[in-house]
Every structure is written in C-alpha cells, then in structure tokens.
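Below is one structure, written out as structure tokens, with a few remarks after it.
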Amino acid sequence: MEEVIILIISIAAGMATYIVSNILKRGAVIASAIITLVSGLMLPYFFPLMGGVLATAAACSSYAGMISVENALNLLEMAVISLMTGILFIAARSAYAGIGGRLGTIAAISCFAWLGFKKVFVGINE
C-alpha cells in the first residue's frame with residue numbers, strides 16, 4: 001500500500017509542478033520550490049509514519065515536473081513521466097541513501113526515458 005501512495009503523490013507533485021511552471025507561467029524553479037515546500041510541510045502532518053518519504057518522493061517528481069512544455073506536450077505526458085519517476089524512486093529508495101544528486105538523477109532518467117520512448121515509438125523527430 002505504501003508504494004501505491006508514493007506513486008499517487010509522485011504523479012500529483014509532477015503534474016502540479018508542470019501546471020505551475022508551464023500553464024501558470026511561473027517558471028520551473030519557483031514551481032518546484034512551491035511544490036516541494038508544500039509537500040514538506042503537509043505530507044508529514046497528514047502521514048506521520050511515512051510523511052518524510054512521501055515529501056522526498058514529491059520533491060523528486062517536482063524535479064521531473066520542471067521539464068519544458070516542448071518536451072512534455074500536455075498533462076498526460078507529465079503524468080506518465082511522474083509515474084516513471086515514482087517507480088524509479090521506489091526501486092532506488094535504499095540505494096545510495098545520503099548521496100547527493102539521487103533525486104535529480106531519477107527525475108532526469110524519467111524525462112530522458114520518456115523522450116526516448118516518444119522518439120522510438122511515436123516517431124517524433126527532433
């Protein structure tokens with residue numbers, strides 16, 4: 001059940017960051033900062049036992065949500081990227097704990113995987 005909650009939070013955080021950044025035109029850094037701050041304050045309150053993990057997953061997905069609108073054309077694409085981010089977060093949760101850059105790396109891998117998928121299977125040429 002914990003993994004399902006992580007995936008839901010990841011999708012919500014990534015999409016929220018995408019909305020604030022690309023639809024509301026507030027910028028990627030501000031969008032990620034807002035979502036990370038709100039997640040860090042609210043999730044430990046509502047989920048006392050796993051709020052820290054959920055806030056970390058939300059921060060990770062907010063980094064993926066910083067993707068430009070040219071690379072993720074709509075919210076559906078962002079939802080898929082956020083889902084991949086959540087899956088990778090769960091898979092790498094115990095790996096390299098305490099080592100810097102893990103969350104950003106997970107977000108980058110998710111974004112690059114989506115771009116590769118689109119290029120190979122959808123035929124989008126850049």
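Just remember, in the structure tokens the first chain shown is A, the second B, etc., residues are 1-based per chain, and ligands are 1-based in the order shown.
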Set out as a Markdown table a contact list for region 57-110 of chain A and region 30-44 of chain A with a cut-off of 8 Å, giving each residue of region 57-110 of chain A that qualifies its closest atom pair and distance in Å to one decimal, counting only C-alpha atoms, ordered by chain and rising residue number.
| residue | atom | partner | partner_atom | distance |
| --- | --- | --- | --- | --- |
| A:Ala58 | CA | A:Ser39 | CA | 6.5 |
| A:Ala59 | CA | A:Thr36 | CA | 5.0 |
| A:Ser62 | CA | A:Ser32 | CA | 5.1 |
| A:Tyr63 | CA | A:Ser32 | CA | 6.3 |
| A:Gly65 | CA | A:Ser32 | CA | 7.3 |
| A:Met66 | CA | A:Ser32 | CA | 6.8 |
File of the preceding selection, C-alpha atoms, as a PDB file, in the first residue's frame:
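The resulting out_3.pdb:
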ATOM      1  CA  ALA A  58       7.151  14.649  -4.143  1.00  0.00           C
ATOM      2  CA  ALA A  59      10.391  16.623  -4.355  1.00  0.00           C
ATOM      3  CA  SER A  62       8.751  18.086  -8.805  1.00  0.00           C
ATOM      4  CA  TYR A  63      12.219  17.982 -10.360  1.00  0.00           C
ATOM      5  CA  GLY A  65       7.931  18.445 -13.473  1.00  0.00           C
ATOM      6  CA  MET A  66      10.464  21.119 -14.374  1.00  0.00           C
TER       7      MET A  66
END
Could you give me, as a tab-separated table, a per-residue list for region 52-108 of chain A showing, wherever an atom lies at most 10 Å from an atom of region 15-28 of chain A, the closest pair of atoms and their distance in Å to one decimal, using only C-alpha atoms and sorting by chain then residue number from low to high?
residue	atom	partner	partner_atom	distance
A:Ala58	CA	A:Thr17	CA	9.8
A:Ala59	CA	A:Thr17	CA	9.8
A:Ser61	CA	A:Thr17	CA	8.3
A:Ser62	CA	A:Thr17	CA	5.5
A:Tyr63	CA	A:Thr17	CA	8.2
A:Ala64	CA	A:Thr17	CA	8.5
A:Gly65	CA	A:Tyr18	CA	4.8
A:Met66	CA	A:Ala28	CA	4.8
A:Ile67	CA	A:Tyr18	CA	7.4
A:Ser68	CA	A:Asn22	CA	7.2
A:Val69	CA	A:Asn22	CA	6.3
A:Glu70	CA	A:Asn22	CA	9.9
A:Ala72	CA	A:Tyr18	CA	9.0
A:Leu73	CA	A:Asn22	CA	9.9
A:Asn74	CA	A:Tyr18	CA	8.9
A:Leu75	CA	A:Met15	CA	6.5
A:Leu76	CA	A:Met15	CA	8.8
A:Glu77	CA	A:Met15	CA	9.4
A:Met78	CA	A:Met15	CA	6.0
A:Ala79	CA	A:Met15	CA	6.2
A:Val80	CA	A:Met15	CA	9.6
A:Ile81	CA	A:Met15	CA	9.2
A:Ser82	CA	A:Met15	CA	7.3
For the selection you just gave me, I'd like the residues written to a file as a short mmCIF file (atom, residue, chain, number, x, y, z; two decimals), in the first residue's frame, keeping all heavy atoms.
data_model
loop_
_atom_site.label_atom_id
_atom_site.label_comp_id
_atom_site.auth_asym_id
_atom_site.auth_seq_id
_atom_site.Cartn_x
_atom_site.Cartn_y
_atom_site.Cartn_z
N ALA A 58 7.76 13.47 -3.51
CA ALA A 58 7.15 14.65 -4.14
C ALA A 58 8.23 15.60 -4.67
O ALA A 58 8.10 16.14 -5.77
CB ALA A 58 6.24 15.37 -3.15
N ALA A 59 9.29 15.77 -3.90
CA ALA A 59 10.39 16.62 -4.36
C ALA A 59 11.02 16.04 -5.62
O ALA A 59 11.30 16.76 -6.58
CB ALA A 59 11.43 16.77 -3.26
N SER A 61 9.63 14.11 -7.88
CA SER A 61 8.72 14.31 -9.02
C SER A 61 8.63 15.78 -9.41
O SER A 61 8.41 16.10 -10.58
CB SER A 61 7.33 13.79 -8.69
OG SER A 61 7.25 12.43 -9.03
N SER A 62 8.79 16.67 -8.44
CA SER A 62 8.75 18.09 -8.81
C SER A 62 9.95 18.45 -9.67
O SER A 62 9.86 19.32 -10.53
CB SER A 62 8.69 18.98 -7.56
OG SER A 62 9.95 19.13 -6.96
N TYR A 63 11.07 17.75 -9.49
CA TYR A 63 12.22 17.98 -10.36
C TYR A 63 11.90 17.53 -11.79
O TYR A 63 12.27 18.19 -12.75
CB TYR A 63 13.46 17.25 -9.85
CG TYR A 63 13.88 17.63 -8.45
CD1 TYR A 63 14.61 16.75 -7.67
CD2 TYR A 63 13.54 18.86 -7.89
CE1 TYR A 63 15.00 17.07 -6.38
CE2 TYR A 63 13.93 19.19 -6.59
CZ TYR A 63 14.65 18.29 -5.86
OH TYR A 63 15.03 18.61 -4.58
N ALA A 64 11.22 16.41 -11.91
CA ALA A 64 10.80 15.95 -13.24
C ALA A 64 9.78 16.91 -13.85
O ALA A 64 9.76 17.13 -15.06
CB ALA A 64 10.22 14.54 -13.16
N GLY A 65 8.94 17.50 -13.00
CA GLY A 65 7.93 18.45 -13.47
C GLY A 65 8.51 19.74 -14.02
O GLY A 65 7.80 20.54 -14.62
N MET A 66 9.81 19.93 -13.84
CA MET A 66 10.46 21.12 -14.37
C MET A 66 10.72 21.02 -15.88
O MET A 66 11.24 21.95 -16.49
CB MET A 66 11.80 21.35 -13.64
CG MET A 66 11.61 21.69 -12.18
SD MET A 66 13.15 21.73 -11.24
CE MET A 66 13.86 23.25 -11.83
N ILE A 67 10.34 19.91 -16.49
CA ILE A 67 10.54 19.69 -17.92
C ILE A 67 9.81 20.77 -18.72
O ILE A 67 8.76 21.27 -18.33
CB ILE A 67 10.07 18.27 -18.32
CG1 ILE A 67 10.53 17.91 -19.71
CG2 ILE A 67 8.55 18.15 -18.19
CD1 ILE A 67 10.34 16.42 -20.03
N SER A 68 10.38 21.14 -19.84
CA SER A 68 9.77 22.19 -20.66
C SER A 68 8.55 21.66 -21.41
O SER A 68 8.42 20.46 -21.65
CB SER A 68 10.78 22.76 -21.65
OG SER A 68 11.05 21.82 -22.66
N VAL A 69 7.69 22.57 -21.79
CA VAL A 69 6.47 22.20 -22.50
C VAL A 69 6.79 21.65 -23.90
O VAL A 69 5.98 20.93 -24.47
CB VAL A 69 5.49 23.41 -22.55
CG1 VAL A 69 5.96 24.48 -23.51
CG2 VAL A 69 4.08 22.96 -22.86
N GLU A 70 7.96 21.94 -24.41
CA GLU A 70 8.36 21.38 -25.72
C GLU A 70 8.66 19.88 -25.62
O GLU A 70 8.55 19.16 -26.61
CB GLU A 70 9.59 22.11 -26.27
CG GLU A 70 9.34 23.53 -26.71
CD GLU A 70 9.41 24.52 -25.55
OE1 GLU A 70 10.02 24.21 -24.50
OE2 GLU A 70 8.82 25.60 -25.68
N ALA A 72 7.40 17.79 -22.90
CA ALA A 72 6.19 17.14 -22.39
C ALA A 72 5.04 18.04 -22.83
O ALA A 72 4.81 19.09 -22.26
CB ALA A 72 6.23 17.00 -20.88
N LEU A 73 4.34 17.62 -23.84
CA LEU A 73 3.38 18.49 -24.52
C LEU A 73 2.11 18.75 -23.72
O LEU A 73 1.44 19.75 -23.96
CB LEU A 73 3.03 17.91 -25.89
CG LEU A 73 4.21 17.69 -26.84
CD1 LEU A 73 3.75 17.02 -28.11
CD2 LEU A 73 4.91 19.00 -27.13
N ASN A 74 1.76 17.85 -22.80
CA ASN A 74 0.50 18.02 -22.07
C ASN A 74 0.56 17.30 -20.73
O ASN A 74 1.56 16.67 -20.39
CB ASN A 74 -0.68 17.51 -22.92
CG ASN A 74 -0.46 16.09 -23.39
OD1 ASN A 74 -0.08 15.22 -22.62
ND2 ASN A 74 -0.67 15.85 -24.68
N LEU A 75 -0.51 17.42 -19.98
CA LEU A 75 -0.55 16.82 -18.64
C LEU A 75 -0.52 15.30 -18.66
O LEU A 75 0.00 14.68 -17.73
CB LEU A 75 -1.80 17.30 -17.89
CG LEU A 75 -1.71 18.70 -17.31
CD1 LEU A 75 -3.04 19.12 -16.73
CD2 LEU A 75 -0.63 18.79 -16.26
N LEU A 76 -1.04 14.69 -19.71
CA LEU A 76 -0.99 13.23 -19.80
C LEU A 76 0.46 12.76 -19.90
O LEU A 76 0.86 11.81 -19.22
CB LEU A 76 -1.80 12.73 -20.99
CG LEU A 76 -1.81 11.21 -21.20
CD1 LEU A 76 -2.39 10.51 -19.98
CD2 LEU A 76 -2.57 10.85 -22.45
N GLU A 77 1.24 13.43 -20.72
CA GLU A 77 2.66 13.07 -20.82
C GLU A 77 3.36 13.29 -19.48
O GLU A 77 4.19 12.49 -19.06
CB GLU A 77 3.34 13.88 -21.93
CG GLU A 77 2.92 13.46 -23.31
CD GLU A 77 3.74 14.11 -24.41
OE1 GLU A 77 4.82 14.68 -24.13
OE2 GLU A 77 3.30 14.04 -25.57
N MET A 78 3.01 14.37 -18.80
CA MET A 78 3.63 14.64 -17.50
C MET A 78 3.22 13.59 -16.49
O MET A 78 4.03 13.20 -15.63
CB MET A 78 3.24 16.04 -17.02
CG MET A 78 4.01 16.49 -15.81
SD MET A 78 5.77 16.63 -16.13
CE MET A 78 6.43 15.53 -14.90
N ALA A 79 2.00 13.11 -16.57
CA ALA A 79 1.56 12.04 -15.66
C ALA A 79 2.38 10.77 -15.87
O ALA A 79 2.77 10.11 -14.90
CB ALA A 79 0.07 11.77 -15.86
N VAL A 80 2.67 10.44 -17.12
CA VAL A 80 3.47 9.25 -17.41
C VAL A 80 4.90 9.43 -16.89
O VAL A 80 5.47 8.53 -16.27
CB VAL A 80 3.47 8.95 -18.93
CG1 VAL A 80 4.43 7.82 -19.26
CG2 VAL A 80 2.07 8.61 -19.41
N ILE A 81 5.46 10.61 -17.12
CA ILE A 81 6.81 10.89 -16.62
C ILE A 81 6.83 10.81 -15.10
O ILE A 81 7.75 10.23 -14.50
CB ILE A 81 7.29 12.28 -17.10
CG1 ILE A 81 7.49 12.27 -18.62
CG2 ILE A 81 8.58 12.68 -16.40
CD1 ILE A 81 7.68 13.65 -19.22
N SER A 82 5.82 11.36 -14.45
CA SER A 82 5.75 11.33 -12.99
C SER A 82 5.57 9.90 -12.47
O SER A 82 6.14 9.55 -11.42
CB SER A 82 4.60 12.20 -12.50
OG SER A 82 4.81 13.54 -12.87
#
### Query
Could you pull out all residues of chain A with a DSSP call of helix (DSSP H, G or I) and give them as a PyMOL selection string?
chain A and resi 2-23+28-46+51-64+75-91+102-122
### Task
List the neighbours of Ile109 (chain A) out to 12 Å using only C-alpha atoms; skip same-chain residues closer than 3 positions along the sequence, and give me the result as a ChimeraX atom specification.
/A:60-61,63-64,67,81-82,84-89,102-106,112-117
Using only C-alpha atoms, please write the residues we just selected to a file, as a compact mmCIF listing (two decimals), in the first residue's frame.
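Output saved as result19.txt:
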# COMPACT_ATOMS: atom_id res chain seq x y z
CA CYS A 60 11.79 14.07 -6.79
CA SER A 61 8.72 14.31 -9.02
CA TYR A 63 12.22 17.98 -10.36
CA ALA A 64 10.80 15.95 -13.24
CA ILE A 67 10.54 19.69 -17.92
CA ILE A 81 6.81 10.89 -16.62
CA SER A 82 5.75 11.33 -12.99
CA MET A 84 8.06 6.60 -14.11
CA THR A 85 9.69 8.88 -11.55
CA GLY A 86 7.67 7.27 -8.76
CA ILE A 87 8.57 3.77 -9.93
CA LEU A 88 12.26 4.62 -10.11
CA PHE A 89 12.05 6.31 -6.71
CA ARG A 102 19.91 10.85 -6.39
CA LEU A 103 16.54 12.57 -6.73
CA GLY A 104 17.60 14.76 -9.64
CA THR A 105 19.14 11.76 -11.36
CA ILE A 106 15.90 9.79 -11.00
CA PHE A 112 15.03 11.07 -20.87
CA ALA A 113 13.23 7.71 -20.94
CA TRP A 114 10.00 9.44 -21.97
CA LEU A 115 11.77 11.41 -24.70
CA GLY A 116 13.40 8.20 -25.95
CA PHE A 117 10.06 6.40 -25.94
### Message
One number please: CA of Ala57 (chain A) to CA of Ile9 (chain A), in Å, one decimal.
### Response
7.2 Å
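Rounded to one decimal, CA of Ser10 (chain A) and CA of Leu83 (chain A) lie 6.6 Å from each other.
When CA of Ala92 (chain A) is paired with CA of Val4 (chain A), their separation reads 15.5 Å.
Shortest atom-to-atom contact with Phe47 (chain A) among A:Ala91, A:Glu2, A:Ser110, A:Gly101: A:Glu2, counting only C-alpha atoms.
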